[in-house]
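**Student:** I have a structure I would like to understand better, so I am pasting it below and will then ask my questions one at a time.
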Amino acid sequence: MQHIRAIAIDGPAASGKSTIAKRVAKKLGYLYLDTGIMYRAVTLAAIVYAVNVDDEKAVNRLAESISIDIKPPSVDDNRQYDVILDGKDVTWDIRSPDVNANVSLVSSYAGVRKAMTARQREIGLHNPVVMVGRDIGTVVLPEADVKIYLDASVEERAWRRHREFDERGEGLHYDRILRTMQERDHFDSTRELAPLYAAPDAIIIDTTNLTIDEVTAQVMELVSQI
Ligand code: CDP
């Protein structure tokens, strides 16, 4: 098999990107980077530091100034990694409904995207990586060797997210999750900068009726064909 440097996995909310990417990265011995964490961390920072999320300039400045570290998990609570924002463990805080409701707006700002994309590209150019997000195959690493777009029906995706909240003991109504997800997907797909769409050379996998093992196997099959 030819050496593969970067695998880009894009797709809408809760389409299984991070679960699949983590498994594929482990099998290949590649770094795994979930870029959504960075946008979530900027959003959380705005909330915690009381920066108005509607104030684009202020949020852009904030994105330039905060430190976001992603480290191997230090706590055994189902986390995939530790997310450290300005020295504080915010691994679960970045998954809150408040962050979910504001992250798309924050991610649409040019200054935020510029700061985050530069950090992501830097990592992608220097490490074999499986990178996950909305614009990895289209903007961040358009030269990726394999591009995958994971999708699933919005109802199935909302149920998956519902189960995740349940497992953390945070009972959220399915209808609320579904509504926020639909709004976020719409906003992410129609924004001007780096909107969510499948790159023309991406392979689209509909995961609605597939297990995690089945999707992982399909991705590994695609990788082996390179
Ligand atoms: O885990 P989930 O699919 O719900 O979302 P995520 O991947 O953590 O991304 C959260 C939000 O960050 C998305 O709804 C996008 O607005 C934004 N995002 C982005 O704009 N570009 C990326 N490369 C990754 C995430």
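Just remember, in the structure tokens the first chain shown is A, the second B, etc., residues are 1-based per chain, and ligands are 1-based in the order shown.
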List the spatial neighbours of segment 131-143 of chain A as number ranges by chain - criterion: any atom at most 9 Å away, only C-alpha atoms, same-chain residues fewer than 6 positions off excluded.
**Tutor:** A: 6-12, 17-18, 21, 31-36, 117-118, 120-121, 124-125, 149, 188-189, 194-202
**Student:** Give me the residues of segment 95-148 of chain A that have any atom at most 10 Å from an atom of segment 40-51 of chain A; for each, the nearest atom pair and the distance in Å, rounded to one decimal. Use only C-alpha atoms, sort by chain and number, and format it as a Markdown table.
**Tutor:**
| residue | atom | partner | partner_atom | distance |
| --- | --- | --- | --- | --- |
| A:Arg95 | CA | A:Arg40 | CA | 7.6 |
| A:Ser96 | CA | A:Leu44 | CA | 8.9 |
| A:Asp98 | CA | A:Leu44 | CA | 8.4 |
| A:Val99 | CA | A:Leu44 | CA | 6.1 |
| A:Asn100 | CA | A:Arg40 | CA | 7.9 |
| A:Ala101 | CA | A:Thr43 | CA | 9.6 |
| A:Asn102 | CA | A:Thr43 | CA | 6.7 |
| A:Val103 | CA | A:Thr43 | CA | 5.6 |
| A:Ser104 | CA | A:Thr43 | CA | 9.0 |
| A:Leu105 | CA | A:Thr43 | CA | 8.9 |
| A:Val106 | CA | A:Thr43 | CA | 6.2 |
| A:Ser107 | CA | A:Thr43 | CA | 8.3 |
| A:Val112 | CA | A:Val42 | CA | 8.1 |
| A:Met116 | CA | A:Val42 | CA | 9.4 |
**Student:** Just to be explicit: take each residue in the selection above, keep N, CA and C atoms, and write the result as a PDB file, in the first residue's frame.
**Tutor:**
ATOM      1  N   ARG A  95     -19.529  20.274  25.002  1.00  0.00           N
ATOM      2  CA  ARG A  95     -20.651  19.494  24.421  1.00  0.00           C
ATOM      3  C   ARG A  95     -21.996  20.000  24.926  1.00  0.00           C
ATOM      4  N   SER A  96     -22.020  21.100  25.660  1.00  0.00           N
ATOM      5  CA  SER A  96     -23.271  21.542  26.294  1.00  0.00           C
ATOM      6  C   SER A  96     -24.268  22.063  25.262  1.00  0.00           C
ATOM      7  N   ASP A  98     -25.756  24.795  25.251  1.00  0.00           N
ATOM      8  CA  ASP A  98     -25.448  26.201  24.997  1.00  0.00           C
ATOM      9  C   ASP A  98     -24.398  26.344  23.890  1.00  0.00           C
ATOM     10  N   VAL A  99     -23.395  25.499  23.959  1.00  0.00           N
ATOM     11  CA  VAL A  99     -22.360  25.519  22.906  1.00  0.00           C
ATOM     12  C   VAL A  99     -22.978  25.045  21.592  1.00  0.00           C
ATOM     13  N   ASN A 100     -23.766  23.982  21.648  1.00  0.00           N
ATOM     14  CA  ASN A 100     -24.421  23.482  20.419  1.00  0.00           C
ATOM     15  C   ASN A 100     -25.231  24.580  19.734  1.00  0.00           C
ATOM     16  N   ALA A 101     -25.883  25.391  20.541  1.00  0.00           N
ATOM     17  CA  ALA A 101     -26.770  26.410  19.974  1.00  0.00           C
ATOM     18  C   ALA A 101     -26.002  27.581  19.360  1.00  0.00           C
ATOM     19  N   ASN A 102     -24.750  27.787  19.755  1.00  0.00           N
ATOM     20  CA  ASN A 102     -24.005  28.968  19.286  1.00  0.00           C
ATOM     21  C   ASN A 102     -22.808  28.663  18.394  1.00  0.00           C
ATOM     22  N   VAL A 103     -22.432  27.378  18.320  1.00  0.00           N
ATOM     23  CA  VAL A 103     -21.176  27.046  17.635  1.00  0.00           C
ATOM     24  C   VAL A 103     -21.219  27.343  16.126  1.00  0.00           C
ATOM     25  N   SER A 104     -22.370  27.179  15.495  1.00  0.00           N
ATOM     26  CA  SER A 104     -22.428  27.431  14.052  1.00  0.00           C
ATOM     27  C   SER A 104     -22.202  28.895  13.735  1.00  0.00           C
ATOM     28  N   LEU A 105     -22.773  29.778  14.544  1.00  0.00           N
ATOM     29  CA  LEU A 105     -22.576  31.212  14.318  1.00  0.00           C
ATOM     30  C   LEU A 105     -21.100  31.575  14.475  1.00  0.00           C
ATOM     31  N   VAL A 106     -20.515  31.118  15.575  1.00  0.00           N
ATOM     32  CA  VAL A 106     -19.104  31.410  15.840  1.00  0.00           C
ATOM     33  C   VAL A 106     -18.215  30.867  14.712  1.00  0.00           C
ATOM     34  N   SER A 107     -18.564  29.682  14.209  1.00  0.00           N
ATOM     35  CA  SER A 107     -17.758  29.046  13.148  1.00  0.00           C
ATOM     36  C   SER A 107     -17.908  29.733  11.801  1.00  0.00           C
ATOM     37  N   VAL A 112     -12.307  33.658  12.883  1.00  0.00           N
ATOM     38  CA  VAL A 112     -12.287  32.388  13.633  1.00  0.00           C
ATOM     39  C   VAL A 112     -11.791  31.286  12.702  1.00  0.00           C
ATOM     40  N   MET A 116      -8.354  28.977  13.069  1.00  0.00           N
ATOM     41  CA  MET A 116      -8.461  27.539  13.304  1.00  0.00           C
ATOM     42  C   MET A 116      -7.912  26.738  12.117  1.00  0.00           C
TER      43      MET A 116
END
**Student:** Which is closer to ligand 1 than all the others in A:Asp213, A:Asp206, A:Asp54, A:Asp151, using only C-alpha atoms and all ligand atoms?
**Tutor:**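 Closest to ligand 1, using only C-alpha atoms and all ligand atoms: A:Asp151.
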**Student:** Quick one: DSSP strand (DSSP E) residues in segment 68-141 of chain A, as a ChimeraX atom specification?
**Tutor:** /A:68-71,82-85,88-89,129-133
**Student:** For a quick check of understanding, using only C-alpha atoms and all ligand atoms, which of A:Asn52, A:Thr180, A:Ser108, A:Thr19 has the smallest distance to ligand 1?
**Tutor:**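 Ranked by minimum distance to ligand 1, first place goes to A:Ser108.
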**Student:** Find the residues around Ile205 of chain A up to 9 Å (only C-alpha atoms counted), leave out those fewer than 3 positions away in its own chain, and share them as a PyMOL selection string.
**Tutor:** chain A and resi 148-152+215+218-219
**Student:** Could the residues in this selection be saved with all heavy atoms as a short mmCIF file (atom, residue, chain, number, x, y, z; two decimals), in the first residue's frame?
**Tutor:**
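As a result, selection_5.cif now contains:
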data_model
loop_
_atom_site.label_atom_id
_atom_site.label_comp_id
_atom_site.auth_asym_id
_atom_site.auth_seq_id
_atom_site.Cartn_x
_atom_site.Cartn_y
_atom_site.Cartn_z
N ILE A 148 -13.66 11.30 2.61
CA ILE A 148 -14.89 10.57 2.91
C ILE A 148 -15.92 11.54 3.46
O ILE A 148 -15.58 12.45 4.24
CB ILE A 148 -14.59 9.44 3.92
CG1 ILE A 148 -13.75 8.40 3.19
CG2 ILE A 148 -15.88 8.80 4.43
CD1 ILE A 148 -13.02 7.47 4.03
N TYR A 149 -17.15 11.38 3.01
CA TYR A 149 -18.24 12.20 3.51
C TYR A 149 -19.26 11.26 4.14
O TYR A 149 -19.87 10.43 3.47
CB TYR A 149 -18.87 12.99 2.36
CG TYR A 149 -19.90 14.00 2.80
CD1 TYR A 149 -19.55 15.31 3.09
CD2 TYR A 149 -21.24 13.64 2.91
CE1 TYR A 149 -20.50 16.24 3.49
CE2 TYR A 149 -22.20 14.55 3.32
CZ TYR A 149 -21.82 15.86 3.60
OH TYR A 149 -22.77 16.77 4.00
N LEU A 150 -19.37 11.33 5.47
CA LEU A 150 -20.30 10.45 6.18
C LEU A 150 -21.64 11.16 6.36
O LEU A 150 -21.68 12.32 6.80
CB LEU A 150 -19.75 10.09 7.57
CG LEU A 150 -18.53 9.18 7.64
CD1 LEU A 150 -18.26 8.82 9.09
CD2 LEU A 150 -18.71 7.92 6.81
N ASP A 151 -22.70 10.46 6.05
CA ASP A 151 -24.03 11.05 6.19
C ASP A 151 -24.96 10.04 6.86
O ASP A 151 -24.61 8.86 7.01
CB ASP A 151 -24.57 11.43 4.79
CG ASP A 151 -25.50 12.63 4.87
OD1 ASP A 151 -25.94 12.97 5.98
OD2 ASP A 151 -25.80 13.20 3.82
N ALA A 152 -26.12 10.50 7.29
CA ALA A 152 -27.17 9.62 7.82
C ALA A 152 -28.42 10.48 7.91
O ALA A 152 -28.32 11.72 7.92
CB ALA A 152 -26.78 9.09 9.21
N VAL A 215 -19.00 0.57 8.96
CA VAL A 215 -18.48 1.81 8.37
C VAL A 215 -16.95 1.81 8.43
O VAL A 215 -16.28 2.16 7.44
CB VAL A 215 -19.04 3.06 9.09
CG1 VAL A 215 -18.52 4.33 8.44
CG2 VAL A 215 -20.56 3.06 9.08
N GLN A 218 -15.60 -0.26 5.69
CA GLN A 218 -15.70 0.40 4.37
C GLN A 218 -14.60 1.43 4.19
O GLN A 218 -13.99 1.53 3.13
CB GLN A 218 -17.06 1.09 4.22
CG GLN A 218 -18.18 0.14 3.86
CD GLN A 218 -19.40 0.89 3.32
OE1 GLN A 218 -19.30 1.98 2.77
NE2 GLN A 218 -20.56 0.30 3.48
N VAL A 219 -14.35 2.19 5.25
CA VAL A 219 -13.30 3.22 5.16
C VAL A 219 -11.94 2.55 4.98
O VAL A 219 -11.13 2.96 4.14
CB VAL A 219 -13.31 4.13 6.41
CG1 VAL A 219 -12.13 5.10 6.38
CG2 VAL A 219 -14.63 4.91 6.49
#
**Student:** Pick from A:Ser224, A:Thr190, A:Thr208, A:Asn127: nearest to Arg157 of chain A, with only C-alpha atoms counted?
**Tutor:**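 With only C-alpha atoms as the atom set, the closest residue is A:Thr208.
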**Student:** Could you work out how far atom CA of Arg79 of chain A lies from atom CA of Ile204 of chain A, giving the answer in Å with one decimal?
**Tutor:**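 Atom CA of Arg79 of chain A lies 27.2 Å from atom CA of Ile204 of chain A.
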**Student:** Which is closer to Leu28 of chain A than all the others in A:Ala58, A:Glu167, A:Met220, A:Met181, using only C-alpha atoms?
**Tutor:** A:Met220
**Student:** May I ask which of the residues A:Val146, A:Ile177, A:Val53, A:Ile68 is the closest one to ligand 1, counting only C-alpha atoms and all ligand atoms?
**Tutor:**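 For ligand 1, the nearest of the candidates is A:Ile177.
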**Student:** Write out as an MDAnalysis selection string all residues of segment 6-221 of chain A that DSSP puts in alpha helix (DSSP H) for this structure's backbone.
**Tutor:** chainID A and resid 17:28 36:48 56:65 97:107 110:126 154:167 174:190 212:221
**Student:** Determine, counting only C-alpha atoms, which protein, DNA and RNA residues have an atom within 12 Å of an atom of Gly171 of chain A; residues of the same chain fewer than 4 positions away are not included. Present the result as a list of chain:residue names.
**Tutor:**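 Using only C-alpha atoms, the neighbours found are A:Ser96, A:Pro97, A:Arg161, A:His162, A:Arg163, A:Glu164, A:Phe165, A:Asp166, A:Glu167, A:Asp175, A:Arg176, A:Ile177.
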**Student:** With C-alpha atoms kept, could you save the residues just selected as a PDB file, in the first residue's frame?
**Tutor:**
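Heads up, here's the output in again09.pdb:
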ATOM      1  CA  SER A  96     -23.271  21.542  26.294  1.00  0.00           C
ATOM      2  CA  PRO A  97     -26.575  22.569  24.679  1.00  0.00           C
ATOM      3  CA  ARG A 161     -26.838  12.283  19.958  1.00  0.00           C
ATOM      4  CA  HIS A 162     -29.761  11.588  22.319  1.00  0.00           C
ATOM      5  CA  ARG A 163     -28.092   8.327  23.391  1.00  0.00           C
ATOM      6  CA  GLU A 164     -24.795  10.149  23.989  1.00  0.00           C
ATOM      7  CA  PHE A 165     -26.469  12.688  26.276  1.00  0.00           C
ATOM      8  CA  ASP A 166     -28.293   9.838  28.053  1.00  0.00           C
ATOM      9  CA  GLU A 167     -25.052   7.966  28.677  1.00  0.00           C
ATOM     10  CA  ASP A 175     -37.289  16.879  19.734  1.00  0.00           C
ATOM     11  CA  ARG A 176     -35.012  19.592  21.036  1.00  0.00           C
ATOM     12  CA  ILE A 177     -31.892  17.754  19.867  1.00  0.00           C
TER      13      ILE A 177
END
**Student:** Calculate how many Å separate atom CA of Lys147 of chain A from atom CA of Asp185 of chain A, rounding to one decimal.
**Tutor:**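 For atom CA of Lys147 of chain A relative to atom CA of Asp185 of chain A, the distance reads 19.7 Å.
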**Student:** What's the 9 Å shell around Pro73 of chain A, counting only C-alpha atoms, without same-chain residues fewer than 6 positions away, as a PyMOL selection string?
**Tutor:** chain A and resi 79-83
